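**Q** Mind having a look at this structure? Questions to follow.
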Amino acid sequence: MWMPLYRVCLRRQTVSGRRLTTALSRCLSHINGPSFSHSAAVCGQTHRALLYRSHGDPAKVVQLEDVELPPTGAKDVLVKMLAAPVNPSDINMIQGTYAILPHLPAVGGNEGVAQITEVGSQVTSLKAGDWVIPRDAGLGTWRTAAVLAEDDVISVPNDIPLLAAATLGVNPCTAFRMLSDFEDLKPGDCVIQNAANSGVGQAVIQIAAARGISTINVIRDRPGFTQLSDRLKSIGAHHVIKEEDLRRPEIKELFKICPKPKLALNGVGGKSATELLRHLQVSGSMVTYGGMSKQPVTVPVSALIFKDVKVRGFWVTQWKRDHSHDGRAFRAMLDELCSLIQQGKLTAPKCTEVGLQEYHRALDSAMEPFTSMKQVLIM
């Protein structure tokens, strides 16, 4: 977890399943425990953190509290948190419905960017002033400062926009991997996706455009549809259509001017996912990374028999853990994403910056339907 309110916190290579719960329990049990001795310069200092002590409605269970910082160990870094977004997975974790849950009490937030202010005597890969992001989920980023293990974070350039850095570790990485790992996409190929206005969807649009891949972007009808469509096209979307358009005969006209998609990306589930499948080319793949409708994915028998489509799933947290033994793949992905940011080809989603003290407003806004604005806590 971005944890470390304490001297010894999670090393990412040991975090999984029951071991996550055990490690979190050991670390978080010190929140209200005795003070540390003055064995390090930061000992006795406090920081502010958004804690939850039970699962439930985020508006009711999340509280802003003062928490004492531990000393900085030899292989630790002291960081000042700069910004951290509120993602759907953060909300689900607080509600108790996510695939991994920390032992309580826990600090909210799985993503964000921090600046290193002090390094331990045995830290070799980082230095004061570096910007870092979490290597894995669960570090508890909704706080003003933290003492973290060197291996729990990875550096990013400090000349990229703050909001781009704060939102880099989850959605762009998810988009990057799905566009890279399931089909051999080449310039001129086509991808179709629902939830195109989500953080992942916007990253898919931009990364695909940078690779010469066209996108068909499906969003729900809503007030302001035209404005949202124009905004998605401004960042590289080739086609933006309403969900109901997928079921109309006119959709055939679209495929006269662009090829059938090789890849479908599903963040919704239910009927929306089924319609994506219908428009895949033979032997294409549909990758599910989210289920905002909370409805199961139904696969038509005809799609399996006559089109031999592949139905897959993707979770970026699992990908990071599968590659934790060798950081080169993660490093290479971040380097490519940051290069796109520096070239102006990848931007953060539309964000609302909210001060930590106003966290209730950020949580409420993040849970509103039809939201296209990501809430980002500024520390």
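Ordering of the structure tokens sets the chain letters (A, B, ...), residue numbers begin anew at 1 in every chain, and ligands are numbered from 1 in the order given.
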Per DSSP on the backbone, what are the strand (DSSP E) residues of segment 284-370 of chain A, as a list in words?

**A**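 In segment 284-370 of chain A, DSSP puts these residues in strand (DSSP E): Ser285, Met286, Val287, Thr288, Lys310, Val311, Arg312, Gly313, Cys351, Thr352, Glu353, Val354 and Gly355 of chain A.
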
**Q** For the residues in the current selection, export C-alpha atoms as a PDB file, in the first residue's frame.

**A**
```
ATOM      1  CA  SER A 285     -10.789 -10.013 -29.576  1.00  0.00           C
ATOM      2  CA  MET A 286     -12.977  -8.344 -26.987  1.00  0.00           C
ATOM      3  CA  VAL A 287     -11.135  -7.387 -23.807  1.00  0.00           C
ATOM      4  CA  THR A 288     -13.150  -6.533 -20.706  1.00  0.00           C
ATOM      5  CA  LYS A 310     -11.818 -14.289 -28.436  1.00  0.00           C
ATOM      6  CA  VAL A 311     -13.227 -13.026 -25.128  1.00  0.00           C
ATOM      7  CA  ARG A 312     -10.559 -11.932 -22.663  1.00  0.00           C
ATOM      8  CA  GLY A 313     -10.164  -9.895 -19.502  1.00  0.00           C
ATOM      9  CA  CYS A 351      -9.928  17.066 -14.251  1.00  0.00           C
ATOM     10  CA  THR A 352     -11.334  19.088 -11.399  1.00  0.00           C
ATOM     11  CA  GLU A 353      -8.675  20.000  -8.846  1.00  0.00           C
ATOM     12  CA  VAL A 354      -9.939  19.780  -5.283  1.00  0.00           C
ATOM     13  CA  GLY A 355      -8.076  20.658  -2.088  1.00  0.00           C
TER      14      GLY A 355
END
```

**Q** Within 8 Å of Lys345 of chain A, counting only C-alpha atoms, which residues show up once you throw out same-chain ones fewer than 3 positions away? Write them as a list in words, please.

**A** Gln206, Ile207, Ala210, Leu340, Ile341 and Gln342 of chain A

**Q** Export, as a short mmCIF file (atom, residue, chain, number, x, y, z; two decimals), in the first residue's frame, the selected residues with N, CA and C atoms.

**A**
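What follows is the written file selection38.cif:
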```
data_model
loop_
_atom_site.label_atom_id
_atom_site.label_comp_id
_atom_site.auth_asym_id
_atom_site.auth_seq_id
_atom_site.Cartn_x
_atom_site.Cartn_y
_atom_site.Cartn_z
N GLN A 206 -6.07 8.44 -27.59
CA GLN A 206 -4.82 9.17 -27.87
C GLN A 206 -3.67 8.24 -28.24
N ILE A 207 -3.54 7.13 -27.51
CA ILE A 207 -2.45 6.19 -27.83
C ILE A 207 -2.68 5.56 -29.20
N ALA A 210 -1.82 8.01 -31.93
CA ALA A 210 -0.37 8.13 -32.09
C ALA A 210 0.21 6.97 -32.88
N LEU A 340 5.03 10.31 -25.04
CA LEU A 340 3.81 10.82 -25.68
C LEU A 340 3.31 12.07 -24.98
N ILE A 341 3.38 12.09 -23.66
CA ILE A 341 2.97 13.29 -22.91
C ILE A 341 3.85 14.47 -23.28
N GLN A 342 5.15 14.26 -23.32
CA GLN A 342 6.08 15.34 -23.63
C GLN A 342 5.90 15.86 -25.05
#
```

**Q** Considering only helix (DSSP H, G or I) as DSSP defines it on the backbone, what residues of segment 147-268 of chain A qualify? List them as a PyMOL selection string.

**A** chain A and resi 150-152+162-166+171-181+199-210+225-234+243-247+251-254

**Q** Got a sec: who's within 12 Å of Ser198 of chain A, counting only C-alpha atoms, leaving out chain neighbours fewer than 6 positions off, as a count of residues only?

**A** 32

**Q** For Glu111 of chain A, work out the shell of residues within 9 Å, counting only C-alpha atoms and skipping chain neighbours fewer than 2 positions away, then give it as a list of chain:residue names.

**A**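 Answer for this query is A:Trp2, A:Ala83, A:Ala84, A:Pro85, A:Val86, A:Asn87, A:Asp90, A:Gly109, A:Val113, A:Ile133, A:Pro134, A:Asp136, A:Ala137, A:Gly138, A:Leu139, A:Gly140, A:Thr141, A:Trp142, A:Ala166, A:Thr167, A:Leu168, A:Gly169, A:Val170.
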